[in-house]
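Everything on this sheet refers to the single structure shown next.
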Amino acid sequence: MSHSIFVEQLTPDGEVLHRSKVTHLPITIGRAYDNDIILDDPHTAAHHAQIELNQLDELIIADLGSYNGITYANTRENFFVVGGDNIYRLGHTRLRIRTADYKVAAEVTDLTNHRWEGLLPALTGLALLLVTGLLSTWLADLNQGTLSKYLLELVSVFGFAIGWSGIWALFGKLFTGHARFGRHLFIASAGLAFLELWEHLSGLVAYAFSWEALLTFSVHPLIFICAIVLYFHFLTAGNKRPNRLKIYLAAIAILGSAITMTKEYQASNHLSDELYMSRIYPPAVRISRDHSLEEFMADMQSLKEKVDGERKDNPEKDGAEKKSSEKDNPDQDGGDAVESDAPADTPTKPESNN
């Protein structure tokens, strides 16, 4: 009986390394050269497995008495009924077996814009860098700096973006054969633009609505923006597992935020990056309501009660702070002590009448 059987050797990620077509049954698999499918895996036997039809005319893969056997879904058996999507492990080799009538999945829509390559994204990225560099320098320039200051800022931004994009282009060229420098430059430029936009916009919004968390926890959005930029760099460089890549980068970003908060807590006993909102904008920007003097004094009173309560709960700490203060300021009570050291009945020399 003639059959068309396709035996595929897969990577751990499920990518096809090699596909063999066999038109007869049974099919023998192993390291020996008289097999139909020859494996280059020392963990497989010389004659490891065989693909054949059973009495019910079902296609099965059966063990030929090997030491490591056949495993599917973490279960080891002497034989398995073949399924087109099942992956069987023989030693360290992963196999998938399909017949000619296997129904493949529908065509995947190609979302890649092939026209967005080369010079167009590169020029767009350079334009973004130009606008971002000039705008950030102008916003930070309070003394109307010279032209050389603006040029130096542009050179540094352009140099960083081009060098960064060149590294990713080299990485893509080595692993996929396509550099795609223009798209990498656009991704890097867009990332820098978003970082600058968030830095200025977060301060403005925080001041307008009194949302201090936007500034006191400002580093965490920057970490996630960098993770998004890395995601698009990896996709452009040829990564074929975007869902897994999202999980990895999200985990790295969360870990980075946790490490940052831990370091801040160890340094200042606060999780925030800054203890207060330090950026002040014109009053016309304010949108949230003004607070009255009575509300301010009430807040101060509640803060005083909180501090007094902490002192009562930790009297030893409060005493240590007082001793430290007296030690740092020895002259505070020293003036009177010097005067009191002189005896009251010390004789004085009478003045001469001459």
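A note on labels: chains of the structure tokens are A, B, ... as shown, every chain counts residues from 1, and ligands are counted from 1 in their shown order.
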Under the rule of at most 12 Å, produce a per-residue listing of region 190-284 of chain A near region 13-30 of chain A: chain, number, name, the closest pair of atoms, and the distance in Å, as JSON lines, using only C-alpha atoms.
```
{"residue": "A:Asn239", "atom": "CA", "partner": "A:Asp13", "partner_atom": "CA", "distance": 11.8}
{"residue": "A:Lys240", "atom": "CA", "partner": "A:Glu15", "partner_atom": "CA", "distance": 9.5}
{"residue": "A:Arg241", "atom": "CA", "partner": "A:Asp13", "partner_atom": "CA", "distance": 8.6}
{"residue": "A:Arg244", "atom": "CA", "partner": "A:Asp13", "partner_atom": "CA", "distance": 10.3}
```
Please run DSSP on the backbone and report, as an MDAnalysis selection string, all residues within region 261-321 of chain A that come out as alpha helix (DSSP H).
chainID A and resid 261:268 293:313 315:321
Write the residues of the preceding selection, restricted to C-alpha atoms, as a short mmCIF file (atom, residue, chain, number, x, y, z; two decimals), in the first residue's frame.
```
data_model
loop_
_atom_site.label_atom_id
_atom_site.label_comp_id
_atom_site.auth_asym_id
_atom_site.auth_seq_id
_atom_site.Cartn_x
_atom_site.Cartn_y
_atom_site.Cartn_z
CA MET A 261 11.93 50.71 44.08
CA THR A 262 14.04 48.46 46.32
CA LYS A 263 17.11 50.66 45.84
CA GLU A 264 15.09 53.83 46.53
CA TYR A 265 13.59 52.30 49.68
CA GLN A 266 17.01 51.29 50.97
CA ALA A 267 18.35 54.79 50.31
CA SER A 268 15.46 56.92 51.61
CA LEU A 293 -5.14 78.22 54.07
CA GLU A 294 -7.41 76.37 56.48
CA GLU A 295 -6.96 73.12 54.51
CA PHE A 296 -3.21 73.64 54.50
CA MET A 297 -3.10 74.19 58.25
CA ALA A 298 -5.29 71.13 58.80
CA ASP A 299 -2.85 69.06 56.77
CA MET A 300 0.03 70.43 58.80
CA GLN A 301 -1.78 69.59 62.03
CA SER A 302 -2.40 66.00 60.90
CA LEU A 303 1.26 65.73 59.91
CA LYS A 304 2.31 67.08 63.32
CA GLU A 305 0.11 64.55 65.09
CA LYS A 306 1.60 61.76 62.97
CA VAL A 307 5.16 62.83 63.80
CA ASP A 308 4.36 63.19 67.49
CA GLY A 309 2.81 59.73 67.50
CA GLU A 310 5.90 58.25 65.88
CA ARG A 311 8.07 59.91 68.54
CA LYS A 312 5.95 58.46 71.32
CA ASP A 313 6.15 55.03 69.75
CA PRO A 315 11.23 57.31 72.40
CA GLU A 316 14.70 55.79 72.16
CA LYS A 317 15.10 57.02 68.61
CA ASP A 318 13.91 60.49 69.59
CA GLY A 319 16.40 60.58 72.49
CA ALA A 320 19.22 59.54 70.22
CA GLU A 321 18.32 62.33 67.79
#
```
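One distance worth recording is that between CA of Ala258 (chain A) and CA of Ala161 (chain A), which is 27.8 Å.
Here CA of Leu56 (chain A) and CA of Val104 (chain A) stand 25.0 Å from one another.
Interatomic distance, CA of Leu222 (chain A) to CA of Lys173 (chain A): 28.6 Å.
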Shell of 7 Å around Phe80 (chain A), only C-alpha atoms, local chain residues under 5 positions omitted, as a ChimeraX atom specification:
/A:60-62
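Of the residues listed (A:Glu212, A:Glu196, A:Glu107, A:Asp290), A:Glu212 shows the shortest atom-to-atom separation from Ser272 (chain A); distances use only C-alpha atoms.
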Counting only C-alpha atoms, what is within 7 Å of region 166-170 of chain A, bar same-chain residues fewer than 2 positions away, as a PDB file with N, CA and C atoms, in the first residue's frame?
```
ATOM      1  N   ILE A 162      22.195  56.515  15.657  1.00  0.00           N
ATOM      2  CA  ILE A 162      22.803  55.810  14.526  1.00  0.00           C
ATOM      3  C   ILE A 162      23.639  54.626  15.009  1.00  0.00           C
ATOM      4  N   GLY A 163      24.409  54.809  16.085  1.00  0.00           N
ATOM      5  CA  GLY A 163      25.196  53.695  16.626  1.00  0.00           C
ATOM      6  C   GLY A 163      24.320  52.568  17.142  1.00  0.00           C
ATOM      7  N   TRP A 164      23.265  52.917  17.871  1.00  0.00           N
ATOM      8  CA  TRP A 164      22.321  51.915  18.389  1.00  0.00           C
ATOM      9  C   TRP A 164      21.654  51.150  17.252  1.00  0.00           C
ATOM     10  N   GLY A 172      20.647  41.773  12.980  1.00  0.00           N
ATOM     11  CA  GLY A 172      19.718  41.206  12.019  1.00  0.00           C
ATOM     12  C   GLY A 172      20.402  40.616  10.801  1.00  0.00           C
ATOM     13  N   LYS A 173      21.483  41.255  10.356  1.00  0.00           N
ATOM     14  CA  LYS A 173      22.222  40.749   9.194  1.00  0.00           C
ATOM     15  C   LYS A 173      22.853  39.391   9.487  1.00  0.00           C
ATOM     16  N   LEU A 174      23.354  39.217  10.693  1.00  0.00           N
ATOM     17  CA  LEU A 174      24.005  37.967  11.057  1.00  0.00           C
ATOM     18  C   LEU A 174      23.019  36.816  11.167  1.00  0.00           C
ATOM     19  N   ALA A 179      19.638  43.527   7.071  1.00  0.00           N
ATOM     20  CA  ALA A 179      20.055  44.522   8.058  1.00  0.00           C
ATOM     21  C   ALA A 179      18.890  45.397   8.502  1.00  0.00           C
ATOM     22  N   ARG A 180      18.129  45.946   7.553  1.00  0.00           N
ATOM     23  CA  ARG A 180      16.960  46.800   7.828  1.00  0.00           C
ATOM     24  C   ARG A 180      17.345  47.960   8.748  1.00  0.00           C
ATOM     25  N   PHE A 181      18.431  48.644   8.379  1.00  0.00           N
ATOM     26  CA  PHE A 181      18.934  49.751   9.192  1.00  0.00           C
ATOM     27  C   PHE A 181      17.920  50.888   9.278  1.00  0.00           C
ATOM     28  N   HIS A 184      15.251  50.151  11.863  1.00  0.00           N
ATOM     29  CA  HIS A 184      15.823  50.217  13.209  1.00  0.00           C
ATOM     30  C   HIS A 184      16.065  51.667  13.627  1.00  0.00           C
ATOM     31  N   ALA A 237      14.473  42.473  13.791  1.00  0.00           N
ATOM     32  CA  ALA A 237      15.684  41.658  13.623  1.00  0.00           C
ATOM     33  C   ALA A 237      15.378  40.208  13.287  1.00  0.00           C
TER      34      ALA A 237
END
```
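Minimum distance to Ala49 (chain A) across A:Asp63, A:Asp101, A:Glu199, A:Glu8 (counting only C-alpha atoms) occurs at A:Asp63.
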Closest of A:Tyr72, A:Phe186, A:Phe158, A:Tyr102 to Ile5 (chain A), counting only C-alpha atoms, is A:Tyr102
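Nearest-residue note for Thr236 (chain A): choosing from A:Ala188, A:Ile70, A:Leu215, A:Ala253, the minimum distance belongs to A:Ala188, counting only C-alpha atoms.
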Which of region 91-282 of chain A end up as strand (DSSP E or B) when DSSP is run on this backbone - answer as a ChimeraX atom specification?
/A:93-99
